[in-house]
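Note: the block below is upload_29.txt and it holds compact mmCIF, C-alpha atoms.
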# COMPACT_ATOMS: atom_id res chain seq x y z
CA MET A 1 18.11 -20.81 10.74
CA ASN A 2 21.39 -21.72 9.13
CA ALA A 3 23.87 -19.65 7.19
CA ASP A 4 26.39 -20.48 4.52
CA THR A 5 28.89 -17.78 3.85
CA ALA A 6 32.00 -19.53 2.55
CA PRO A 7 32.59 -19.83 -1.23
CA THR A 8 32.91 -23.11 -3.06
CA THR A 9 34.90 -24.23 -6.06
CA THR A 10 32.06 -26.46 -7.37
CA ALA A 11 30.55 -25.16 -10.61
CA GLU A 12 27.04 -23.88 -9.85
CA PRO A 13 24.57 -21.75 -11.83
CA ARG A 14 25.26 -18.03 -11.41
CA ASP A 15 23.75 -14.91 -12.94
CA ALA A 16 25.65 -12.35 -15.01
CA ASP A 17 27.05 -10.77 -11.84
CA GLY A 18 28.23 -14.11 -10.44
CA ARG A 19 25.41 -14.40 -7.89
CA PRO A 20 23.26 -17.48 -7.24
CA PRO A 21 20.06 -17.44 -9.36
CA VAL A 22 17.47 -16.35 -6.81
CA ARG A 23 13.79 -16.18 -7.70
CA ALA A 24 10.64 -15.15 -5.85
CA ALA A 25 8.64 -18.06 -4.49
CA THR A 26 5.08 -18.77 -5.62
CA THR A 27 2.22 -20.73 -4.14
CA ALA A 28 3.61 -23.81 -5.89
CA ASP A 29 6.70 -23.62 -3.62
CA ALA A 30 4.73 -23.87 -0.38
CA GLU A 31 5.30 -27.59 0.12
CA ALA A 32 9.02 -27.42 -0.69
CA ILE A 33 9.50 -24.52 1.74
CA THR A 34 7.59 -26.44 4.41
CA ARG A 35 9.78 -29.49 3.88
CA MET A 36 12.93 -27.36 4.08
CA ARG A 37 11.69 -26.02 7.41
CA SER A 38 10.78 -29.49 8.63
CA GLU A 39 14.02 -31.20 7.62
CA HIS A 40 16.65 -28.49 8.08
CA VAL A 41 15.33 -25.99 10.68
CA LEU A 42 13.15 -27.75 13.25
CA SER A 43 14.61 -30.03 15.89
CA ALA A 44 11.91 -32.64 15.19
CA PRO A 45 10.65 -33.11 11.60
CA PHE A 46 6.95 -32.78 10.76
CA THR A 47 4.75 -35.76 10.15
CA GLU A 48 3.28 -35.94 6.64
CA GLU A 49 -0.01 -34.70 8.04
CA TRP A 50 1.71 -31.58 9.38
CA VAL A 51 3.61 -31.07 6.11
CA ARG A 52 0.28 -31.04 4.28
CA ARG A 53 -1.37 -28.83 6.87
CA CYS A 54 1.43 -26.23 6.89
CA SER A 55 1.75 -26.30 3.10
CA ASP A 56 -1.98 -25.66 2.69
CA GLU A 57 -1.74 -22.74 5.13
CA LEU A 58 1.36 -21.21 3.54
CA ALA A 59 0.28 -21.38 -0.11
CA PRO A 60 -2.40 -18.63 -0.02
CA ARG A 61 -0.16 -16.46 2.13
CA LEU A 62 2.44 -16.43 -0.66
CA THR A 63 0.04 -14.59 -2.99
CA PRO A 64 0.31 -10.80 -3.52
CA GLY A 65 -2.56 -10.29 -1.08
CA GLY A 66 -1.03 -12.55 1.57
CA ASP A 67 1.43 -11.76 4.34
CA ALA A 68 4.26 -14.12 3.33
CA ARG A 69 7.13 -13.46 0.95
CA ALA A 70 9.88 -15.94 0.09
CA PHE A 71 12.89 -16.23 -2.19
CA VAL A 72 14.51 -19.48 -3.23
CA VAL A 73 17.46 -20.98 -5.10
CA ASP A 74 16.70 -24.04 -7.22
CA ALA A 75 19.15 -26.92 -7.47
CA GLN A 76 20.11 -28.23 -10.88
CA ASP A 77 17.89 -31.28 -10.39
CA GLY A 78 14.83 -29.09 -9.80
CA THR A 79 14.67 -29.49 -6.03
CA MET A 80 14.95 -26.56 -3.65
CA ALA A 81 18.52 -25.74 -2.60
CA ALA A 82 17.80 -22.78 -0.29
CA CYS A 83 14.95 -20.56 0.82
CA ALA A 84 14.19 -17.54 2.98
CA LEU A 85 10.66 -16.78 4.18
CA GLY A 86 9.44 -13.57 5.81
CA LEU A 87 6.06 -12.83 7.36
CA ILE A 88 4.77 -9.24 7.19
CA HIS A 89 2.77 -7.89 10.12
CA PRO A 90 1.46 -4.47 11.21
CA VAL A 91 2.94 -2.32 13.96
CA LEU A 92 1.75 1.03 15.26
CA ALA A 93 2.91 3.74 12.88
CA ALA A 94 5.58 6.17 14.03
CA PRO A 95 8.14 8.44 12.34
CA ALA A 96 10.51 5.47 12.24
CA TYR A 97 7.77 3.19 10.83
CA PRO A 98 5.62 5.53 8.70
CA ARG A 99 3.72 2.69 6.99
CA GLY A 100 3.40 0.67 10.19
CA ARG A 101 4.80 -2.46 8.54
CA ALA A 102 7.29 -4.92 10.02
CA ALA A 103 8.48 -8.39 9.06
CA ARG A 104 9.86 -11.42 10.84
CA VAL A 105 12.35 -13.55 8.93
CA GLN A 106 10.73 -16.86 9.81
CA ILE A 107 12.75 -19.42 7.85
CA VAL A 108 16.22 -19.48 6.34
CA ALA A 109 17.30 -22.94 5.24
CA THR A 110 19.87 -24.50 2.92
CA HIS A 111 19.92 -28.15 1.93
CA PRO A 112 23.08 -29.82 3.29
CA ASP A 113 24.17 -30.75 -0.25
CA HIS A 114 24.25 -27.07 -1.21
CA ARG A 115 25.75 -25.34 1.82
CA ARG A 116 28.83 -23.12 1.86
CA ARG A 117 27.94 -21.63 -1.52
CA GLY A 118 26.51 -18.29 -0.42
CA TYR A 119 22.91 -19.37 -0.96
CA ALA A 120 21.67 -18.24 2.47
CA ARG A 121 23.12 -14.77 1.98
CA ALA A 122 21.60 -14.59 -1.50
CA VAL A 123 18.04 -15.53 -0.53
CA VAL A 124 18.03 -13.43 2.66
CA SER A 125 19.42 -10.39 0.81
CA SER A 126 16.77 -10.73 -1.88
CA LEU A 127 14.04 -11.10 0.74
CA LEU A 128 15.17 -8.04 2.71
CA ASP A 129 15.54 -5.93 -0.44
CA HIS A 130 12.05 -6.88 -1.61
CA LEU A 131 10.41 -6.28 1.75
CA ALA A 132 12.08 -2.89 2.17
CA ASP A 133 11.89 -1.58 -1.39
CA VAL A 134 8.60 -3.07 -2.58
CA GLU A 135 6.55 -3.79 0.54
CA ASP A 136 7.64 -0.68 2.50
CA VAL A 137 8.68 -2.79 5.50
CA THR A 138 10.89 -0.80 7.89
CA LEU A 139 11.38 -3.00 10.97
CA PHE A 140 12.89 -6.50 10.64
CA GLU A 141 13.29 -9.18 13.32
CA LEU A 142 14.62 -12.73 13.40
CA HIS A 143 15.78 -15.53 15.68
CA THR A 144 18.88 -17.42 14.68
CA SER A 145 21.75 -19.55 15.95
CA PRO A 146 25.03 -18.15 17.32
CA GLU A 147 26.82 -19.68 14.31
CA ALA A 148 24.62 -17.81 11.82
CA ALA A 149 24.48 -14.50 13.71
CA PRO A 150 27.59 -13.00 12.00
CA LEU A 151 25.86 -13.20 8.61
CA TYR A 152 22.88 -11.21 9.86
CA ARG A 153 25.10 -8.64 11.52
CA GLU A 154 26.79 -8.11 8.16
CA LEU A 155 23.34 -7.53 6.67
CA GLY A 156 22.57 -4.84 9.24
CA PHE A 157 20.93 -6.67 12.15
CA SER A 158 21.96 -6.09 15.75
CA GLY A 159 21.23 -7.81 19.04
CA ASN A 160 21.81 -11.35 20.19
CA PRO A 161 20.73 -14.53 18.35
CA ALA A 162 17.56 -14.87 20.45
CA LEU A 163 16.28 -11.60 18.94
CA MET A 164 18.06 -9.64 16.23
CA ARG A 165 16.51 -6.47 14.84
CA MET A 166 17.11 -4.00 12.04
CA THR A 167 15.43 -0.85 10.78
CA ARG A 168 15.83 -0.03 7.13
CA HIS A 169 14.53 2.91 5.13
CA ARG A 170 14.43 3.71 1.47
CA PRO A 171 17.25 6.06 0.38
CA PRO A 172 16.14 9.63 -0.28
CA ALA A 173 14.93 10.37 -3.81
CA GLY A 174 17.76 11.36 -6.13
CA LEU A 175 20.48 9.63 -4.11
CA ALA A 176 22.85 7.82 -6.45
CA PRO A 177 23.13 4.01 -6.00
CA GLY A 178 25.75 3.22 -3.39
CA ALA A 179 25.99 6.82 -2.19
CA GLN A 180 25.60 7.69 1.46
CA PRO A 181 23.01 10.21 2.65
CA ASP A 182 24.27 13.50 4.10
CA SER A 183 23.01 12.52 7.58
CA THR A 184 22.86 9.20 9.38
CA TRP A 185 20.51 10.55 12.05
CA VAL A 186 17.60 8.31 12.99
CA PRO A 187 14.76 8.99 15.43
CA PRO A 188 15.70 8.17 19.05
CA GLN A 189 13.10 5.40 19.42
CA GLN A 190 14.25 3.76 16.18
CA TYR A 191 17.85 3.83 17.43
CA ALA A 192 16.80 2.44 20.82
CA ASP A 193 14.82 -0.37 19.19
CA ALA A 194 17.91 -1.46 17.27
CA LEU A 195 20.15 -1.70 20.34
CA PRO A 196 20.89 -5.18 21.77
CA ARG A 197 19.04 -6.02 24.97
CA ALA A 198 20.98 -6.18 28.25
CA ALA A 199 20.26 -6.06 31.98
CA ALA A 200 22.45 -4.40 34.63
CA PHE A 201 22.90 -5.74 38.16
CA VAL A 202 24.81 -4.67 41.27
CA CYS A 203 26.26 -6.83 44.07
CA LEU A 204 27.80 -6.06 47.44
CA TYR A 205 30.65 -8.27 48.64
CA VAL A 206 30.60 -8.53 52.43
CA THR A 207 32.72 -10.61 54.83
CA ASP A 208 33.16 -11.01 58.54
CA GLU A 209 36.24 -9.67 60.29
CA ASP A 210 38.15 -12.83 59.35
CA ASP A 211 37.50 -12.20 55.63
CA ARG A 212 35.03 -15.07 55.31
CA PRO A 213 32.42 -14.24 52.62
CA LEU A 214 28.79 -13.75 53.59
CA GLN A 215 26.25 -15.23 51.18
CA LEU A 216 22.44 -15.22 51.15
CA HIS A 217 20.38 -18.32 50.39
CA SER A 218 17.74 -17.73 47.72
CA VAL A 219 14.17 -19.00 48.07
CA TYR A 220 13.39 -18.56 44.36
CA SER A 221 16.53 -19.37 42.35
CA PRO A 222 17.64 -23.02 42.55
CA GLY A 223 20.17 -22.35 39.78
CA HIS A 224 21.94 -19.78 41.99
CA PRO A 225 21.20 -20.95 45.55
CA TRP A 226 23.82 -18.77 47.28
CA HIS A 227 24.80 -15.31 46.19
CA MET A 228 25.92 -11.89 47.30
CA ILE A 229 23.63 -9.06 48.38
CA GLY A 230 22.33 -7.33 45.27
CA GLY A 231 19.89 -7.27 42.38
CA ALA A 232 18.82 -5.57 39.17
CA MET A 233 19.19 -1.84 38.68
CA ASP A 234 16.06 0.18 38.04
CA LEU A 235 15.81 2.34 34.94
CA GLY A 236 17.84 5.51 35.46
CA GLU A 237 19.21 4.34 38.82
CA ARG A 238 22.90 4.91 39.52
CA PRO A 239 24.84 1.76 40.42
CA TRP A 240 25.77 2.77 43.96
CA ASP A 241 22.23 3.98 44.65
CA ALA A 242 21.03 0.53 43.55
CA VAL A 243 23.51 -1.10 45.98
CA VAL A 244 22.18 0.98 48.87
CA ARG A 245 18.57 0.15 47.97
CA GLU A 246 19.17 -3.60 47.49
CA CYS A 247 21.20 -3.84 50.71
CA ARG A 248 18.46 -2.17 52.71
CA GLU A 249 15.70 -4.28 51.09
CA GLU A 250 17.50 -7.61 51.50
CA THR A 251 19.25 -7.23 54.87
CA GLY A 252 17.95 -4.09 56.59
CA MET A 253 21.54 -2.82 56.60
CA THR A 254 22.70 0.53 55.19
CA ALA A 255 25.66 0.26 52.81
CA VAL A 256 28.31 2.84 53.63
CA GLY A 257 30.54 4.32 50.94
CA PRO A 258 32.57 5.59 49.37
CA PRO A 259 31.86 3.16 46.52
CA ARG A 260 34.75 0.82 45.72
CA LEU A 261 34.33 -1.35 42.64
CA LEU A 262 35.80 -4.85 42.97
CA ALA A 263 34.67 -6.59 39.79
CA THR A 264 32.83 -6.35 36.50
CA VAL A 265 31.00 -9.56 35.56
CA TYR A 266 29.50 -10.22 32.13
CA GLY A 267 27.02 -12.95 31.19
CA GLN A 268 26.21 -14.12 27.65
CA PRO A 269 22.60 -14.41 26.45
CA ARG A 270 21.06 -17.83 26.95
CA GLU A 271 17.94 -19.59 25.67
CA ARG A 272 15.89 -18.81 28.76
CA ARG A 273 17.48 -15.40 29.20
CA PRO A 274 17.74 -13.80 25.76
CA TYR A 275 19.82 -10.81 26.83
CA SER A 276 23.30 -10.03 28.11
CA THR A 277 23.91 -9.27 31.78
CA LEU A 278 26.42 -6.91 33.35
CA GLN A 279 27.15 -6.97 37.08
CA LEU A 280 29.08 -4.40 39.07
CA VAL A 281 30.37 -5.84 42.35
CA PHE A 282 31.20 -3.35 45.10
CA ASP A 283 33.09 -3.82 48.37
CA GLY A 284 30.73 -3.83 51.35
CA GLY A 285 33.48 -4.08 53.94
CA ARG A 286 33.86 -6.30 56.99
CA LEU A 287 31.01 -6.76 59.45
CA THR A 288 31.30 -7.31 63.17
CA ASP A 289 29.52 -10.24 64.81
CA ALA A 290 26.94 -7.82 66.16
CA GLN A 291 26.25 -6.40 62.70
CA ILE A 292 25.86 -9.89 61.26
CA ARG A 293 23.40 -10.89 64.00
CA GLY A 294 21.46 -7.72 63.26
CA LEU A 295 20.77 -8.56 59.61
CA THR A 296 17.06 -8.76 58.82
CA LEU A 297 16.36 -10.88 55.73
CA ASN A 298 13.45 -10.32 53.37
CA ALA A 299 11.63 -13.67 53.64
CA ARG A 300 10.29 -13.36 50.09
CA GLU A 301 13.86 -13.50 48.75
CA HIS A 302 16.18 -15.19 51.27
CA ASP A 303 15.84 -17.59 54.16
CA GLU A 304 19.42 -17.71 55.48
CA ALA A 305 22.62 -15.67 55.71
CA ARG A 306 25.71 -17.81 56.12
CA ILE A 307 29.43 -17.09 56.57
CA LEU A 308 32.04 -19.66 55.54
CA PRO A 309 35.69 -19.71 54.51
CA LEU A 310 36.03 -19.18 50.77
CA ALA A 311 37.05 -22.80 50.03
CA GLU A 312 33.94 -24.19 51.71
CA TRP A 313 31.62 -22.23 49.43
CA GLU A 314 32.76 -24.18 46.36
CA ALA A 315 30.71 -27.27 47.24
CA LEU A 316 27.53 -25.22 47.78
CA MET A 317 27.23 -23.38 44.47
CA PRO A 318 27.58 -23.93 40.71
CA ALA A 319 31.12 -23.68 39.39
CA ARG A 320 30.41 -20.42 37.53
CA ASP A 321 29.15 -18.80 40.74
CA PHE A 322 32.22 -19.88 42.67
CA VAL A 323 34.50 -18.52 39.92
CA ARG A 324 32.82 -15.15 40.39
CA LEU A 325 33.10 -15.30 44.18
CA ARG A 326 36.76 -16.29 44.05
CA ALA A 327 37.55 -13.49 41.59
CA VAL A 328 35.86 -10.93 43.83
CA GLU A 329 37.74 -12.20 46.90
CA GLU A 330 41.04 -11.93 45.05
CA ALA A 331 40.20 -8.41 43.87
CA ARG A 332 39.69 -7.24 47.42
CA ARG A 333 42.83 -9.02 48.63
CA THR A 334 45.11 -7.71 45.85
CA GLY A 335 43.52 -4.34 45.21
CA VAL A 336 43.23 -5.13 41.48
CA ALA A 337 39.70 -5.04 40.08
CA ALA A 338 38.50 -8.32 38.54
CA TYR A 339 36.94 -8.89 35.13
CA VAL A 340 34.85 -12.05 34.58
CA ASP A 341 33.18 -12.70 31.22
CA THR A 342 32.17 -16.35 31.56
CA TRP A 343 29.55 -16.05 34.31
CA GLY A 344 26.18 -17.45 33.22
CA ASN A 345 27.56 -19.17 30.10
CA ALA A 346 26.93 -22.69 31.39
In structure tokens, how does this file's structure come out?
Amino acid sequence: MNADTAPTTTAEPRDADGRPPVRAATTADAEAITRMRSEHVLSAPFTEEWVRRCSDELAPRLTPGGDARAFVVDAQDGTMAACALGLIHPVLAAPAYPRGRAARVQIVATHPDHRRRGYARAVVSSLLDHLADVEDVTLFELHTSPEAAPLYRELGFSGNPALMRMTRHRPPAGLAPGAQPDSTWVPPQQYADALPRAAAFVCLYVTDEDDRPLQLHSVYSPGHPWHMIGGAMDLGERPWDAVVRECREETGMTAVGPPRLLATVYGQPRERRPYSTLQLVFDGGRLTDAQIRGLTLNAREHDEARILPLAEWEALMPARDFVRLRAVEEARRTGVAAYVDTWGNA
């Protein structure tokens, strides 16, 4: 999807309120919408056979009895300047979704000749208003690009570009236009569904008595071959309890407190990992040679525990992993907790 939020000084058709002239799409618009998707959304355009095939499939779905709704802006020459297409689908009914109806915003596209004129905002707003007010759709979802995500957040969506969600209800009867209801309370599940997805991890930084970091070699993660003891937190598990569990599972060793936090590490969502990550790195202390020899690795996760001077680890791991390791080492050495917010961005 693309977005165009900046105004233009070029004279364009506008309605009485100064908005772009948006209209509801009909079956006759199916081919134009398909071509907009092919040329301005997909990474590889359709062949003519696929344009025909998708147009023939979309046309009947744009009827009142179908599951597709779209709004478009026409260019002055009669071609399509922008469009937004949503597909309605059922979900299990609940207090937050009393009609059991949801919609995925499937396509938002603006022709390059007509961008930066507010057309994307206009067609998406019209689509959302229609779906909510006429079709009784409550739950909305979409996938977009990082560049377009701010537009959808302004329209009420939350989450990361890989999956943004919004719940929207009709205002109570008798509420004046633009007025706010007395309460903003929403059912707990509805609120939870609207929250952005994230995963929490814990790590334990351990060295030998010469302050050389200990790292474990992964048997399943070529992208992160060497890393600290640790893993994902279970639902409801406290961070230090997760450290103790992961340490025992991965090395057979019991982590001894009190907990001392060395670093907070944040990772942005990525295409293959559509959620944020948050890592809490704790100090696991210095191990004696005997303790290191006594480590018992879980063969399903790691096949080697190695100790090296910090500088020698750089050649064995991705740059982002070494940045994290170096920040953690410095935090222990200086006593100042580290904050890293670029891990996992590459």
Subject >> Interatomic distance (Å, one decimal) between atom CA of Thr27 of chain A and atom CA of Ala122 of chain A >> reply: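 Answer for the atom CA of Thr27 of chain A to atom CA of Ala122 of chain A separation: 20.5 Å.
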Distance query Ala242 of chain A at most 8 Å, all atoms listed in the file, self and fewer than 2 positions along chain excluded, as a tab-separated table (two decimals) with C-alpha atoms, in the frame of the given file:
chain	number	residue	atom	x	y	z
A	202	VAL	CA	24.81	-4.67	41.27
A	231	GLY	CA	19.89	-7.27	42.38
A	232	ALA	CA	18.82	-5.57	39.17
A	233	MET	CA	19.19	-1.84	38.68
A	234	ASP	CA	16.06	0.18	38.04
A	237	GLU	CA	19.21	4.34	38.82
A	238	ARG	CA	22.90	4.91	39.52
A	239	PRO	CA	24.84	1.76	40.42
A	240	TRP	CA	25.77	2.77	43.96
A	244	VAL	CA	22.18	0.98	48.87
A	245	ARG	CA	18.57	0.15	47.97
A	246	GLU	CA	19.17	-3.60	47.49
**OP:** Measuring atom to atom with all atoms listed in the file, identify which of A:Asp129, A:Asp321, A:Asp136, A:Asp56 is nearest to Gln215 of chain A.
**Re:**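 Among A:Asp129, A:Asp321, A:Asp136, A:Asp56, it is A:Asp321 that comes nearest to Gln215 of chain A.
Proximity ranking of A:Ala25, A:Leu214, A:Ala75, A:Met253 relative to Thr63 of chain A places A:Ala25 first, based on all atoms listed in the file.
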Subject >> Of the listed residues A:Arg165, A:Arg212, A:Arg260, A:Arg104, that which approaches Leu87 of chain A most closely, counting all atoms listed in the file >> reply: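 Closest to Leu87 of chain A, using all atoms listed in the file: A:Arg104.
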**OP:** Can you work out the spacing between atom CA of Leu139 of chain A and atom CA of Leu155 of chain A in Å, to one decimal?
**Re:**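 So the two atoms, atom CA of Leu139 of chain A and atom CA of Leu155 of chain A, lie 13.5 Å apart.
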**OP:** To one decimal in Å, tell me the separation between atom CA of Leu261 of chain A and atom CA of Asp283 of chain A.
**Re:** 6.4 Å
So that all listed atoms of segment 83-93 of chain A fit with 8 Å spare on each side, what axis-aligned box centre and edge lengths in Å, to one decimal, would you give as lines of an AutoDock Vina configuration file?
center_x = 8.2
center_y = -8.4
center_z = 8.0
size_x = 29.5
size_y = 40.3
size_z = 30.4
Name all residues at most 9 Å from Ala30 of chain A (count all atoms listed in the file; drop same-chain ones fewer than 3 positions away) and give them as a compact mmCIF listing (two decimals) with C-alpha atoms, in the coordinates of the input.
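File produced: out_28.txt:
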# COMPACT_ATOMS: atom_id res chain seq x y z
CA ALA A 25 8.64 -18.06 -4.49
CA THR A 26 5.08 -18.77 -5.62
CA THR A 27 2.22 -20.73 -4.14
CA ILE A 33 9.50 -24.52 1.74
CA THR A 34 7.59 -26.44 4.41
CA ARG A 35 9.78 -29.49 3.88
CA CYS A 54 1.43 -26.23 6.89
CA SER A 55 1.75 -26.30 3.10
CA ASP A 56 -1.98 -25.66 2.69
CA GLU A 57 -1.74 -22.74 5.13
CA LEU A 58 1.36 -21.21 3.54
CA ALA A 59 0.28 -21.38 -0.11
CA PRO A 60 -2.40 -18.63 -0.02
CA LEU A 62 2.44 -16.43 -0.66
**OP:** Would you please work out which residue, of A:Asp341, A:Asp29, A:Ser145, A:Ala102, is nearest to Gly78 of chain A when using only C-alpha atoms?
**Re:** A:Asp29
Original post:
Which residue out of A:Ala68, A:Val323, A:Ile307, A:Ile229 has the minimum interatomic distance to Phe282 of chain A when only C-alpha atoms are used?
Top reply: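 The answer is A:Ile229, which sits nearest to Phe282 of chain A.
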**OP:** Find the residues around Ala132 of chain A up to 12 Å (only C-alpha atoms counted), leave out those fewer than 3 positions away in its own chain, and share them as number ranges by chain.
**Re:** A: 69, 86, 88, 97, 99, 101-103, 125-129, 135-140, 166-171
Mind dumping the selected residues with C-alpha atoms as a tab-separated table (two decimals), keeping the file's coordinate frame?
chain	number	residue	atom	x	y	z
A	69	ARG	CA	7.13	-13.46	0.95
A	86	GLY	CA	9.44	-13.57	5.81
A	88	ILE	CA	4.77	-9.24	7.19
A	97	TYR	CA	7.77	3.19	10.83
A	99	ARG	CA	3.72	2.69	6.99
A	101	ARG	CA	4.80	-2.46	8.54
A	102	ALA	CA	7.29	-4.92	10.02
A	103	ALA	CA	8.48	-8.39	9.06
A	125	SER	CA	19.42	-10.39	0.81
A	126	SER	CA	16.77	-10.73	-1.88
A	127	LEU	CA	14.04	-11.10	0.74
A	128	LEU	CA	15.17	-8.04	2.71
A	129	ASP	CA	15.54	-5.93	-0.44
A	135	GLU	CA	6.55	-3.79	0.54
A	136	ASP	CA	7.64	-0.68	2.50
A	137	VAL	CA	8.68	-2.79	5.50
A	138	THR	CA	10.89	-0.80	7.89
A	139	LEU	CA	11.38	-3.00	10.97
A	140	PHE	CA	12.89	-6.50	10.64
A	166	MET	CA	17.11	-4.00	12.04
A	167	THR	CA	15.43	-0.85	10.78
A	168	ARG	CA	15.83	-0.03	7.13
A	169	HIS	CA	14.53	2.91	5.13
A	170	ARG	CA	14.43	3.71	1.47
A	171	PRO	CA	17.25	6.06	0.38
Original post:
Which residues, written as a ChimeraX atom specification, have at least one atom at most 12 Å from segment 286-295 of chain A, with only C-alpha atoms counted and residues fewer than 6 positions away on the same chain left out?
Top reply: /A:204-216,229,247-256,302-307,332
Original post:
Nearest to Val22 of chain A: which of A:Gly236, A:Pro258, A:Gly159, A:Gly118 is it, counting all atoms listed in the file?
Top reply: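 Once distances to Val22 of chain A are computed over all atoms listed in the file, the minimum belongs to A:Gly118.
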**OP:** Identify, on the basis of only C-alpha atoms, every residue whose closest approach to Pro274 of chain A does not exceed 7 Å; exclude the query and any residue fewer than 4 positions from it along the same chain; express the result as a list in words.
**Re:**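 Selected residues are Ala162, Pro269 and Arg270 of chain A.
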